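Pasted below: input-v3.txt, compact mmCIF, C-alpha atoms.
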```
# COMPACT_ATOMS: atom_id res chain seq x y z
CA MET A 1 -38.18 226.30 -103.58
CA VAL A 2 -35.98 224.69 -100.87
CA ARG A 3 -37.94 221.46 -100.33
CA PRO A 4 -37.84 220.40 -104.01
CA LEU A 5 -34.08 220.91 -103.98
CA ILE A 6 -33.73 218.73 -100.88
CA ASP A 7 -35.90 216.05 -102.49
CA GLU A 8 -33.67 216.18 -105.56
CA LEU A 9 -30.58 215.93 -103.36
CA LEU A 10 -31.92 212.81 -101.69
CA ASP A 11 -32.90 211.15 -104.97
CA VAL A 12 -29.95 208.86 -105.73
CA THR A 13 -31.24 208.46 -109.31
CA SER A 14 -31.21 212.22 -109.97
CA PRO A 15 -28.96 213.32 -112.85
CA VAL A 16 -28.23 216.59 -111.02
CA PRO A 17 -24.84 216.42 -109.23
CA PRO A 18 -25.28 216.71 -105.43
CA GLY A 19 -22.60 219.39 -105.37
CA GLU A 20 -24.71 221.65 -107.57
CA ILE A 21 -27.70 221.31 -105.27
CA GLU A 22 -25.49 221.89 -102.24
CA ARG A 23 -24.13 225.08 -103.81
CA LEU A 24 -27.65 226.43 -104.38
CA LEU A 25 -28.77 225.61 -100.85
CA VAL A 26 -25.68 226.96 -99.12
CA LYS A 27 -24.77 229.95 -101.29
CA SER A 28 -28.05 231.17 -102.72
CA LEU A 29 -30.69 230.08 -100.21
CA ARG A 30 -28.65 229.93 -97.01
CA GLU A 31 -31.03 231.61 -94.56
CA HIS A 32 -34.12 229.83 -95.88
CA ALA A 33 -32.49 226.43 -96.38
CA TYR A 34 -30.96 225.91 -92.94
CA ASP A 35 -34.19 225.05 -91.10
CA GLU A 36 -35.42 222.83 -93.94
CA VAL A 37 -32.16 220.89 -94.03
CA LEU A 38 -32.22 220.52 -90.25
CA ALA A 39 -35.79 219.17 -90.39
CA ALA A 40 -34.82 216.72 -93.11
CA LEU A 41 -31.89 215.55 -91.01
CA ALA A 42 -34.17 214.94 -88.05
CA SER A 43 -36.47 212.73 -90.11
CA ALA A 44 -33.86 210.91 -92.23
CA SER A 45 -33.69 207.21 -91.38
CA ASP A 46 -31.14 205.87 -93.87
CA GLU A 47 -27.39 206.36 -93.98
CA GLU A 48 -27.04 207.83 -97.49
CA PRO A 49 -29.66 210.59 -97.01
CA ARG A 50 -28.07 211.48 -93.68
CA ARG A 51 -24.64 211.63 -95.29
CA ARG A 52 -25.81 214.00 -98.03
CA LEU A 53 -27.75 216.20 -95.65
CA ASN A 54 -24.90 216.29 -93.16
CA ARG A 55 -22.55 217.53 -95.87
CA VAL A 56 -24.91 220.40 -96.69
CA PHE A 57 -25.59 221.14 -93.03
CA SER A 58 -21.87 221.40 -92.24
CA SER A 59 -21.35 223.75 -95.19
CA PHE A 60 -23.61 226.48 -93.82
CA GLY A 61 -20.92 227.55 -91.35
CA MET A 62 -23.55 229.02 -89.02
CA VAL A 63 -21.90 228.30 -85.68
CA ASP A 64 -24.57 230.08 -83.59
CA ARG A 65 -27.28 227.94 -85.17
CA TYR A 66 -25.19 224.81 -84.71
CA ILE A 67 -24.98 225.62 -80.99
CA GLU A 68 -28.78 225.74 -80.87
CA ALA A 69 -28.97 222.41 -82.70
CA LEU A 70 -26.90 220.73 -79.98
CA ASN A 71 -30.12 220.76 -77.89
CA HIS A 72 -32.23 219.08 -80.58
CA PRO A 73 -34.14 215.95 -79.46
CA SER A 74 -32.80 214.02 -82.48
CA ALA A 75 -29.44 212.36 -81.87
CA SER A 76 -28.76 212.57 -85.62
CA VAL A 77 -29.12 216.35 -85.50
CA ARG A 78 -26.95 216.66 -82.39
CA LEU A 79 -24.29 214.53 -84.05
CA SER A 80 -24.46 216.61 -87.24
CA ALA A 81 -24.23 219.82 -85.21
CA ALA A 82 -21.12 218.55 -83.44
CA ASN A 83 -19.60 217.53 -86.77
CA ALA A 84 -20.40 220.96 -88.21
CA ILE A 85 -18.83 222.74 -85.23
CA GLN A 86 -15.75 220.59 -85.61
CA SER A 87 -15.48 221.60 -89.25
CA ALA A 88 -15.97 225.28 -88.42
CA CYS A 89 -14.00 225.62 -85.17
CA SER A 90 -11.34 222.94 -84.78
CA VAL A 91 -7.83 224.19 -84.12
CA ALA A 92 -6.30 220.70 -84.27
CA TYR A 93 -3.41 219.89 -86.62
CA GLY A 94 -2.38 223.53 -86.92
CA SER A 95 -5.73 224.96 -88.05
CA GLU A 96 -6.33 228.64 -87.30
CA PRO A 97 -9.19 229.62 -84.95
CA ASN A 98 -12.40 230.76 -86.62
CA PRO A 99 -12.54 234.54 -86.00
CA ASP A 100 -16.33 234.52 -86.32
CA ALA A 101 -16.90 231.89 -83.64
CA ASP A 102 -17.43 232.48 -79.91
CA TYR A 103 -15.33 229.62 -78.56
CA ASP A 104 -16.48 230.14 -74.98
CA ALA A 105 -20.09 229.76 -76.12
CA VAL A 106 -19.22 226.67 -78.18
CA ILE A 107 -17.45 225.00 -75.27
CA GLY A 108 -20.25 225.91 -72.86
CA ALA A 109 -22.84 224.35 -75.17
CA LEU A 110 -20.82 221.16 -75.67
CA ILE A 111 -20.09 220.43 -72.00
CA PRO A 112 -23.60 219.13 -71.10
CA LEU A 113 -23.32 216.65 -73.98
CA LEU A 114 -20.52 214.87 -72.10
CA ALA A 115 -23.46 212.97 -70.60
CA ASP A 116 -25.38 212.51 -73.87
CA PRO A 117 -27.30 209.19 -73.94
CA ASP A 118 -26.32 208.54 -77.56
CA PRO A 119 -22.86 206.91 -77.69
CA ASP A 120 -22.00 208.40 -81.09
CA VAL A 121 -22.85 211.92 -79.95
CA LEU A 122 -20.93 211.38 -76.70
CA GLN A 123 -17.81 210.20 -78.52
CA ARG A 124 -17.96 212.98 -81.12
CA VAL A 125 -18.39 215.69 -78.48
CA THR A 126 -15.48 214.28 -76.48
CA TRP A 127 -13.26 214.34 -79.57
CA LEU A 128 -14.49 217.81 -80.52
CA LEU A 129 -13.70 219.32 -77.13
CA CYS A 130 -10.20 217.91 -77.45
CA MET A 131 -9.85 219.71 -80.79
CA LEU A 132 -10.86 223.19 -79.59
CA GLY A 133 -7.55 224.10 -77.99
CA PRO A 134 -6.38 225.22 -74.54
CA GLY A 135 -9.54 227.25 -73.93
CA VAL A 136 -11.15 223.94 -72.93
CA VAL A 137 -8.84 223.43 -69.94
CA GLU A 138 -10.40 225.80 -67.39
CA PRO A 139 -14.02 224.77 -68.12
CA MET A 140 -13.02 221.11 -67.70
CA ARG A 141 -11.23 221.91 -64.44
CA HIS A 142 -14.39 223.65 -63.26
CA VAL A 143 -16.43 220.51 -64.02
CA ARG A 144 -13.89 218.38 -62.15
CA ARG A 145 -14.14 220.65 -59.09
CA HIS A 146 -17.83 221.50 -59.05
CA GLY A 147 -19.63 218.89 -61.17
CA PRO A 148 -22.20 217.87 -62.08
CA GLY A 149 -20.96 214.42 -61.18
CA LYS A 150 -22.19 212.74 -64.36
CA LEU A 151 -19.76 214.89 -66.40
CA ARG A 152 -16.65 214.46 -64.27
CA ALA A 153 -15.24 211.27 -65.80
CA ARG A 154 -15.41 212.56 -69.37
CA ALA A 155 -14.06 215.94 -68.31
CA LEU A 156 -10.99 214.16 -66.91
CA SER A 157 -10.43 212.41 -70.26
CA VAL A 158 -10.72 215.71 -72.14
CA LEU A 159 -8.32 217.42 -69.74
CA ALA A 160 -5.73 214.68 -70.15
CA ALA A 161 -6.07 214.69 -73.94
CA VAL A 162 -5.80 218.49 -74.25
CA GLY A 163 -3.21 219.33 -71.62
CA GLY A 164 -1.71 216.03 -70.56
CA GLU A 165 -0.81 215.24 -66.99
CA GLU A 166 0.18 218.85 -66.43
CA ALA A 167 -3.44 219.95 -66.86
CA LEU A 168 -4.66 217.72 -64.03
CA SER A 169 -4.93 218.87 -60.44
CA ALA A 170 -2.89 217.17 -57.75
CA ALA A 171 -6.09 215.47 -56.56
CA ASP A 172 -6.84 214.15 -60.07
CA ARG A 173 -3.31 212.86 -60.53
CA ALA A 174 -3.54 211.08 -57.19
CA ALA A 175 -6.91 209.59 -58.17
CA VAL A 176 -5.48 208.24 -61.44
CA GLU A 177 -2.50 206.73 -59.65
CA ARG A 178 -4.82 205.15 -57.08
CA LEU A 179 -6.99 203.66 -59.84
CA ILE A 180 -3.90 202.19 -61.53
CA ARG A 181 -2.86 200.55 -58.25
CA ILE A 182 -6.34 199.05 -57.88
CA LYS A 183 -6.37 197.79 -61.48
CA LEU A 184 -2.95 196.18 -60.98
CA LEU A 185 -4.34 193.88 -58.29
CA ASP A 186 -5.96 191.64 -60.90
CA ASP A 187 -4.22 192.86 -64.06
CA GLN A 188 -4.06 190.27 -66.83
CA ALA A 189 -1.67 190.09 -69.74
CA ARG A 190 -3.05 191.16 -73.12
CA PRO A 191 -1.58 191.37 -76.63
CA LEU A 192 0.65 194.40 -77.06
CA ASP A 193 -0.10 194.81 -80.74
CA VAL A 194 0.05 198.30 -82.18
CA CYS A 195 0.35 199.25 -85.84
CA PHE A 196 4.11 199.79 -85.60
CA THR A 197 5.45 197.66 -82.75
CA SER A 198 9.04 197.82 -81.53
CA TRP A 199 10.32 195.93 -78.51
CA ILE A 200 13.34 194.57 -76.68
CA ALA A 201 13.12 191.10 -75.10
CA VAL A 202 15.29 189.97 -72.19
CA PRO A 203 15.07 186.59 -70.41
CA GLY A 204 14.08 186.59 -66.74
CA GLY A 205 12.26 189.13 -64.62
CA ASP A 206 14.96 191.57 -63.51
CA GLN A 207 12.89 194.61 -64.37
CA GLN A 208 14.88 196.88 -62.11
CA GLY A 209 18.23 195.74 -63.52
CA ILE A 210 16.99 196.18 -67.10
CA THR A 211 15.63 199.62 -66.25
CA GLU A 212 18.96 200.67 -64.77
CA LEU A 213 21.05 199.32 -67.65
CA LEU A 214 18.83 201.11 -70.19
CA ASP A 215 19.09 204.31 -68.11
CA LEU A 216 15.31 204.62 -67.86
CA PHE A 217 13.93 207.05 -65.29
CA GLU A 218 10.73 208.32 -63.68
CA ALA A 219 9.20 204.85 -63.75
CA ARG A 220 5.54 204.56 -62.77
CA PRO A 221 3.34 201.48 -62.31
CA ALA A 222 1.27 200.64 -65.38
CA THR A 223 -1.33 198.05 -66.35
CA PHE A 224 -1.07 196.10 -69.58
CA ALA A 225 -3.89 198.25 -71.00
CA LEU A 226 -2.03 201.44 -70.14
CA GLY A 227 1.21 200.05 -71.59
CA HIS A 228 -0.62 199.15 -74.80
CA ASP A 229 -2.25 202.58 -75.09
CA VAL A 230 1.03 204.39 -74.48
CA GLY A 231 2.71 202.19 -77.10
CA ALA A 232 -0.08 202.86 -79.60
CA HIS A 233 0.09 206.62 -78.98
CA ASP A 234 3.88 206.74 -79.25
CA SER A 235 3.92 204.74 -82.49
CA HIS A 236 1.61 207.12 -84.37
CA ASP A 237 1.90 210.73 -85.58
CA GLY A 238 5.68 210.55 -85.56
CA PHE A 239 7.58 208.05 -83.45
CA GLU A 240 8.02 209.03 -79.80
CA TYR A 241 11.43 207.92 -78.55
CA GLY A 242 11.09 209.40 -75.06
CA ARG A 243 9.00 206.72 -73.35
CA VAL A 244 8.67 202.93 -73.07
CA TYR A 245 6.47 200.37 -71.37
CA VAL A 246 8.35 197.66 -69.48
CA THR A 247 6.26 194.56 -68.83
CA PRO A 248 6.36 192.45 -65.72
CA GLU A 249 7.94 189.04 -66.26
CA VAL A 250 5.82 187.27 -68.89
CA ASP A 251 6.41 183.57 -69.49
CA GLY A 252 9.96 184.00 -68.25
CA TRP A 253 10.82 187.16 -70.24
CA THR A 254 10.69 190.92 -69.77
CA LEU A 255 9.66 193.06 -72.74
CA VAL A 256 10.39 196.75 -73.30
CA LEU A 257 7.89 198.28 -75.73
CA GLY A 258 8.20 201.53 -77.70
CA PRO A 259 9.70 203.07 -80.87
CA TRP A 260 12.92 203.74 -78.90
CA CYS A 261 13.53 199.96 -79.13
CA ASN A 262 13.46 199.69 -82.95
CA PRO A 263 16.61 197.82 -84.08
CA VAL A 264 16.30 198.85 -87.74
CA ASP A 265 15.23 202.48 -87.43
CA HIS A 266 17.61 204.94 -89.08
CA ASP A 267 17.86 207.08 -85.95
CA ARG A 268 17.88 204.28 -83.38
CA ALA A 269 19.65 201.28 -84.94
CA GLU A 270 23.15 201.82 -83.58
CA ASP A 271 22.05 202.70 -80.07
CA VAL A 272 19.71 199.70 -79.94
CA LEU A 273 22.56 197.51 -81.17
CA ARG A 274 24.67 198.78 -78.26
CA VAL A 275 22.09 198.34 -75.50
CA VAL A 276 20.94 194.91 -76.69
CA THR A 277 24.56 193.75 -76.80
CA GLU A 278 25.04 195.03 -73.24
CA LEU A 279 21.85 193.34 -72.09
CA SER A 280 23.01 190.04 -73.60
CA ARG A 281 26.33 190.35 -71.80
CA ARG A 282 24.51 190.61 -68.46
CA TYR A 283 21.59 188.23 -69.09
CA GLY A 284 23.09 185.78 -71.57
CA LYS A 285 20.85 186.78 -74.44
CA ALA A 286 18.72 189.70 -75.59
CA GLN A 287 16.72 190.56 -78.68
CA ALA A 288 15.04 193.52 -80.35
CA TYR A 289 12.31 193.55 -82.96
CA TYR A 290 10.21 195.80 -85.15
CA PHE A 291 6.99 194.87 -86.94
CA GLY A 292 4.74 197.10 -89.05
CA GLU A 293 1.35 195.43 -88.98
CA GLN A 294 0.03 196.80 -92.27
CA GLY A 295 2.91 196.20 -94.64
CA GLY A 296 5.39 198.21 -92.58
CA GLY A 297 8.09 195.56 -92.66
CA SER A 298 10.06 193.65 -90.04
CA GLY A 299 13.36 193.85 -88.25
CA TRP A 300 15.15 191.71 -85.70
CA LEU A 301 18.35 191.77 -83.70
CA VAL A 302 19.66 188.82 -81.69
CA ALA A 303 22.64 188.98 -79.33
CA GLU A 304 24.18 186.37 -77.02
CA ASN A 305 26.83 186.80 -74.33
CA GLY A 306 27.83 190.23 -75.56
CA ASP A 307 28.08 189.31 -79.25
CA VAL A 308 25.70 190.14 -82.09
CA VAL A 309 24.42 186.94 -83.67
CA ARG A 310 22.09 188.41 -86.27
CA ARG A 311 20.47 191.63 -87.40
CA CYS A 312 18.15 191.80 -90.38
CA ARG A 313 15.61 194.17 -91.86
CA GLY A 314 12.90 193.31 -94.37
CA SER A 315 10.86 196.14 -95.87
CA TRP A 316 11.19 195.80 -99.66
CA LYS A 317 13.67 198.71 -99.68
CA ALA A 318 17.22 198.85 -101.02
CA VAL A 319 18.57 200.07 -97.67
CA ASP A 320 17.58 196.80 -95.99
CA ALA A 321 20.96 195.29 -96.82
CA GLN A 322 22.74 198.02 -94.84
CA TYR A 323 21.32 196.64 -91.60
CA THR A 324 22.35 193.02 -92.17
CA LEU A 325 24.71 191.52 -89.63
CA GLY A 326 25.57 187.85 -89.13
CA THR A 327 24.20 184.84 -90.96
CA PRO A 328 20.59 183.63 -91.12
CA LEU A 329 19.28 182.02 -87.95
CA PRO A 330 18.12 178.40 -87.98
CA GLU A 331 14.66 179.75 -87.12
CA GLU A 332 14.70 181.86 -90.30
CA ARG A 333 15.45 178.77 -92.40
CA THR A 334 12.76 176.78 -90.58
CA ALA A 335 10.18 179.50 -91.21
CA CYS A 336 11.05 179.53 -94.91
CA ILE A 337 10.80 175.75 -95.19
CA LYS A 338 7.42 175.81 -93.46
CA GLU A 339 6.20 178.27 -96.10
CA GLY A 340 7.71 176.24 -98.95
CA LEU A 341 10.28 178.95 -99.69
CA THR A 342 14.02 178.96 -100.24
CA LEU A 343 15.95 181.38 -98.05
CA ASP A 344 18.70 181.60 -100.68
CA ASN A 345 16.19 182.86 -103.25
CA GLU A 346 16.57 186.63 -102.84
CA GLU A 347 13.23 187.46 -104.43
CA GLU A 348 11.28 185.01 -102.26
CA TRP A 349 13.14 186.16 -99.15
CA ALA A 350 12.46 189.85 -99.91
CA ASP A 351 8.72 189.09 -100.02
CA PHE A 352 8.73 186.93 -96.89
CA ALA A 353 11.06 188.77 -94.49
CA PRO A 354 8.77 191.79 -93.92
CA TYR A 355 6.31 189.52 -92.08
CA LEU A 356 8.74 187.40 -90.07
CA ALA A 357 9.47 189.32 -86.84
CA PRO A 358 6.50 188.08 -84.75
CA GLU A 359 7.17 184.44 -85.60
CA LEU A 360 10.88 184.71 -84.82
CA ALA A 361 10.10 186.42 -81.51
CA CYS A 362 7.81 183.54 -80.59
CA GLN A 363 10.38 180.92 -81.60
CA LEU A 364 13.25 182.62 -79.78
CA GLY A 365 11.39 183.73 -76.66
CA VAL A 366 8.08 185.56 -76.20
CA SER A 367 6.12 187.63 -78.69
CA PRO A 368 4.12 190.62 -77.39
CA PHE A 369 1.41 189.65 -79.88
CA ASP A 370 0.82 186.33 -78.11
CA LEU A 371 0.32 187.57 -74.56
CA GLY A 372 -3.05 186.82 -73.00
CA PRO A 373 -4.94 185.49 -69.97
CA ASP A 374 -2.91 182.25 -69.98
CA THR A 375 0.44 184.09 -69.88
CA ARG A 376 2.36 183.52 -66.64
CA VAL A 377 2.91 186.96 -65.09
CA ARG A 378 5.17 187.89 -62.20
CA GLY A 379 5.39 191.46 -60.95
CA THR A 380 3.85 194.63 -62.41
CA GLY A 381 4.60 196.71 -65.47
CA ILE A 382 5.95 200.25 -65.57
CA VAL A 383 5.99 203.19 -67.95
CA ALA A 384 9.33 205.01 -67.88
CA LEU A 385 11.17 207.77 -69.71
CA THR A 386 14.20 206.99 -71.86
CA PRO A 387 17.53 208.82 -72.14
CA TYR A 388 16.11 210.47 -75.27
CA ALA A 389 13.64 212.37 -73.06
CA ARG A 390 16.49 213.62 -70.90
CA GLU A 391 18.59 214.72 -73.87
CA HIS A 392 15.88 216.12 -76.14
CA ARG A 393 12.35 216.64 -74.81
CA ARG A 394 9.85 214.96 -72.56
CA PRO A 395 7.00 213.19 -74.35
CA ASN A 396 3.58 214.74 -74.52
CA THR A 397 1.11 212.97 -72.27
CA GLY A 398 -2.53 212.34 -73.05
CA ALA A 399 -5.66 210.34 -72.22
CA TYR A 400 -4.96 206.61 -72.06
CA ASP A 401 -6.92 203.51 -71.15
CA ILE A 402 -5.92 201.97 -67.82
```
Give the structure from the file, written as structure tokens.
Amino acid sequence: MVRPLIDELLDVTSPVPPGEIERLLVKSLREHAYDEVLAALASASDEEPRRRLNRVFSSFGMVDRYIEALNHPSASVRLSAANAIQSACSVAYGSEPNPDADYDAVIGALIPLLADPDPDVLQRVTWLLCMLGPGVVEPMRHVRRHGPGKLRARALSVLAAVGGEEALSAADRAAVERLIRIKLLDDQARPLDVCFTSWIAVPGGDQQGITELLDLFEARPATFALGHDVGAHDSHDGFEYGRVYVTPEVDGWTLVLGPWCNPVDHDRAEDVLRVVTELSRRYGKAQAYYFGEQGGGSGWLVAENGDVVRRCRGSWKAVDAQYTLGTPLPEERTACIKEGLTLDNEEEWADFAPYLAPELACQLGVSPFDLGPDTRVRGTGIVALTPYAREHRRPNTGAYDI
């Protein structure tokens, strides 16, 4: 009875909706169907059959059997078992714990797979452990203290992702800091492109002076990779205003990266206007930019000698006009001419401005998107907390590339 249903499920020409077959297998034939579906998963070689079988497999909700399947010789089955456990047990994004699941048993079964030879299984298990809540912390600490050695590196990543820096032992924190110092010895510039990129640009390399003027604190050395990862993390799932990455001097400029720097953000615009003006008074000029990579719009702020020269926002929204200060820059007109557009044509400008920030940054100084191995670098970068963290809350830490 079960095998014909599975064959029908895998027949892409079948007129029977896959959902109907899934309902029969999961609701009516649950105990008999599980082993047959698992066997079919183990032998499936194409993506579409695996996708259909994985959907059914995850719907059984049999966590104890999924735990057993984590030891299966087939990587496809192990991956499906991890996916099924994620569906049944994840407490991420506010989900309630599954009252029928033994979370200690789940975590204990997943830990050996932190050394799984299949990269997809390894990545899925790492993600899954991070989604099972604070109960993961002590088992990961145990692995860090007692091994086995082949699991220690991944256990550190899980610990950092689940509990942040606070979950790490003093020895682990020291080891991370030591690794950062080693990486900094031959650190190379790289593009600092995240989906929603905000930055302040100041000429010269007075990192300490910039840090003091911006009232940043608890600065720690950081590689370009770490700065990028922190920026990417802080620009997603709600903007994090409590932390920034300050580059070393790059091609004669210092960049401060993070949502706190956005010159056209409703919550940050006036404060960014103030600090950029102050920076320009000390350093002759200063700028701030925002760019949303996937249609998120642009914004720029240019100040010289303590005066605002220009602020503009382009995002196809009526509120854009509220941010406008000063008259168009020569570089704005040049960019329009290069594209065959007329800056005075409001409709053409409204369609063009949302993409302009990176080009203006390049024309007026240095763009974080253009950094790379050929960039002249002097000094080392830092990650630091902003006044927002002092006044509101400290940012959550996590697992970042270094």
What does the structure give for the distance between atom CA of A:Phe57 and atom CA of A:Asn71, in Å to one decimal? 15.8 Å
The centre and edge lengths of an axis-aligned box containing all atoms of stretch 64-68 of chain A present in the file, extended by 3 Å on each side, are to be given in Å to one decimal, as lines of an AutoDock Vina configuration file.
```
center_x = -26.7
center_y = 227.4
center_z = -83.0
size_x = 10.2
size_y = 11.3
size_z = 10.3
```
What would the list of residues within 12 Å of (-34.3, 226.2, -90.1) (file frame) look like as a list of chain:residue names, if all atoms listed in the file are what count?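 Those residues lying close to the given coordinates are A:Val2, A:Arg3, A:Leu29, A:Arg30, A:Glu31, A:His32, A:Ala33, A:Tyr34, A:Asp35, A:Glu36, A:Val37, A:Leu38, A:Ala39, A:Ala40, A:Leu41, A:Ala42, A:Phe57, A:Phe60, A:Met62, A:Arg65, A:Tyr66, A:Glu68, A:Ala69.
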Include C-alpha atoms and write out the residues we just selected as a PDB file, keeping the file's coordinate frame.
```
ATOM      1  CA  VAL A   2     -35.980 224.690-100.870  1.00  0.00           C
ATOM      2  CA  ARG A   3     -37.940 221.460-100.330  1.00  0.00           C
ATOM      3  CA  LEU A  29     -30.690 230.080-100.210  1.00  0.00           C
ATOM      4  CA  ARG A  30     -28.650 229.930 -97.010  1.00  0.00           C
ATOM      5  CA  GLU A  31     -31.030 231.610 -94.560  1.00  0.00           C
ATOM      6  CA  HIS A  32     -34.120 229.830 -95.880  1.00  0.00           C
ATOM      7  CA  ALA A  33     -32.490 226.430 -96.380  1.00  0.00           C
ATOM      8  CA  TYR A  34     -30.960 225.910 -92.940  1.00  0.00           C
ATOM      9  CA  ASP A  35     -34.190 225.050 -91.100  1.00  0.00           C
ATOM     10  CA  GLU A  36     -35.420 222.830 -93.940  1.00  0.00           C
ATOM     11  CA  VAL A  37     -32.160 220.890 -94.030  1.00  0.00           C
ATOM     12  CA  LEU A  38     -32.220 220.520 -90.250  1.00  0.00           C
ATOM     13  CA  ALA A  39     -35.790 219.170 -90.390  1.00  0.00           C
ATOM     14  CA  ALA A  40     -34.820 216.720 -93.110  1.00  0.00           C
ATOM     15  CA  LEU A  41     -31.890 215.550 -91.010  1.00  0.00           C
ATOM     16  CA  ALA A  42     -34.170 214.940 -88.050  1.00  0.00           C
ATOM     17  CA  PHE A  57     -25.590 221.140 -93.030  1.00  0.00           C
ATOM     18  CA  PHE A  60     -23.610 226.480 -93.820  1.00  0.00           C
ATOM     19  CA  MET A  62     -23.550 229.020 -89.020  1.00  0.00           C
ATOM     20  CA  ARG A  65     -27.280 227.940 -85.170  1.00  0.00           C
ATOM     21  CA  TYR A  66     -25.190 224.810 -84.710  1.00  0.00           C
ATOM     22  CA  GLU A  68     -28.780 225.740 -80.870  1.00  0.00           C
ATOM     23  CA  ALA A  69     -28.970 222.410 -82.700  1.00  0.00           C
TER      24      ALA A  69
END
```
Smallest atom-to-atom distance to A:Pro221: which of A:Ser58, A:Ser14, A:Thr386, A:Thr380, using all atoms listed in the file?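 Answer, going by the shortest atom-to-atom distance: A:Thr380.
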List as an MDAnalysis selection string the protein and nucleic acid residues near A:Arg311, meaning an atom at most 6 Å away when all atoms listed in the file are counted, but skip any in the same chain fewer than 4 places from it. chainID A and resid 300:301 324:325
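Atom to atom, atom CA of A:Gly326 and atom CA of A:Val309 stand 5.7 Å apart.
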Have a look at A:Tyr323, A:His146, A:Asp120, A:Pro4 and name the one nearest to A:Glu270; count all atoms listed in the file.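 Checking each candidate against A:Glu270, we get A:Tyr323 as the closest.
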Using all atoms listed in the file, list the residues that have an atom at most 9 Å from (10.5, 195.7, -105.4), coordinates as in the file, as a list of chain:residue names.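 The answer, in the requested form, is A:Trp316, A:Lys317, A:Ala318, A:Glu347, A:Ala350, A:Asp351.
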Grab the residues selected above and save them as a PDB file, in the coordinates of the input with C-alpha atoms.
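Written file, out-v2.pdb:
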```pdb
ATOM      1  CA  TRP A 316      11.190 195.800 -99.660  1.00  0.00           C
ATOM      2  CA  LYS A 317      13.670 198.710 -99.680  1.00  0.00           C
ATOM      3  CA  ALA A 318      17.220 198.850-101.020  1.00  0.00           C
ATOM      4  CA  GLU A 347      13.230 187.460-104.430  1.00  0.00           C
ATOM      5  CA  ALA A 350      12.460 189.850 -99.910  1.00  0.00           C
ATOM      6  CA  ASP A 351       8.720 189.090-100.020  1.00  0.00           C
TER       7      ASP A 351
END
```
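Nearest to A:Arg52 of all the residues A:Ser80, A:Gln86, A:Thr197, A:Thr375 is A:Ser80, based on all atoms listed in the file.
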Best match for closeness to A:Val302 among A:Val230, A:Ala335, A:Val202, A:Leu356, counting all atoms listed in the file: A:Val202
Shell of 12 Å around A:Leu9, only C-alpha atoms, local chain residues under 3 positions omitted, as a ChimeraX atom specification: /A:2-6,12-25,37,40,48-56
Exercise: stretch 107-117 of chain A partners within 10 Å, all atoms listed in the file, chain neighbours under 4 positions left out, as JSON, numbers by chain: {"A": [66, 67, 68, 69, 70, 71, 75, 78, 82, 85, 102, 103, 121, 122, 123, 124, 125, 126, 128, 129, 132, 135, 136, 139, 140, 143, 148, 149, 150, 151, 152, 153, 154, 155, 158]}
Got time to write the residues from that selection, C-alpha atoms, as a CSV table (one decimal), in the coordinates of the input?
```csv
chain,number,residue,atom,x,y,z
A,66,TYR,CA,-25.2,224.8,-84.7
A,67,ILE,CA,-25.0,225.6,-81.0
A,68,GLU,CA,-28.8,225.7,-80.9
A,69,ALA,CA,-29.0,222.4,-82.7
A,70,LEU,CA,-26.9,220.7,-80.0
A,71,ASN,CA,-30.1,220.8,-77.9
A,75,ALA,CA,-29.4,212.4,-81.9
A,78,ARG,CA,-27.0,216.7,-82.4
A,82,ALA,CA,-21.1,218.6,-83.4
A,85,ILE,CA,-18.8,222.7,-85.2
A,102,ASP,CA,-17.4,232.5,-79.9
A,103,TYR,CA,-15.3,229.6,-78.6
A,121,VAL,CA,-22.8,211.9,-80.0
A,122,LEU,CA,-20.9,211.4,-76.7
A,123,GLN,CA,-17.8,210.2,-78.5
A,124,ARG,CA,-18.0,213.0,-81.1
A,125,VAL,CA,-18.4,215.7,-78.5
A,126,THR,CA,-15.5,214.3,-76.5
A,128,LEU,CA,-14.5,217.8,-80.5
A,129,LEU,CA,-13.7,219.3,-77.1
A,132,LEU,CA,-10.9,223.2,-79.6
A,135,GLY,CA,-9.5,227.2,-73.9
A,136,VAL,CA,-11.2,223.9,-72.9
A,139,PRO,CA,-14.0,224.8,-68.1
A,140,MET,CA,-13.0,221.1,-67.7
A,143,VAL,CA,-16.4,220.5,-64.0
A,148,PRO,CA,-22.2,217.9,-62.1
A,149,GLY,CA,-21.0,214.4,-61.2
A,150,LYS,CA,-22.2,212.7,-64.4
A,151,LEU,CA,-19.8,214.9,-66.4
A,152,ARG,CA,-16.6,214.5,-64.3
A,153,ALA,CA,-15.2,211.3,-65.8
A,154,ARG,CA,-15.4,212.6,-69.4
A,155,ALA,CA,-14.1,215.9,-68.3
A,158,VAL,CA,-10.7,215.7,-72.1
```
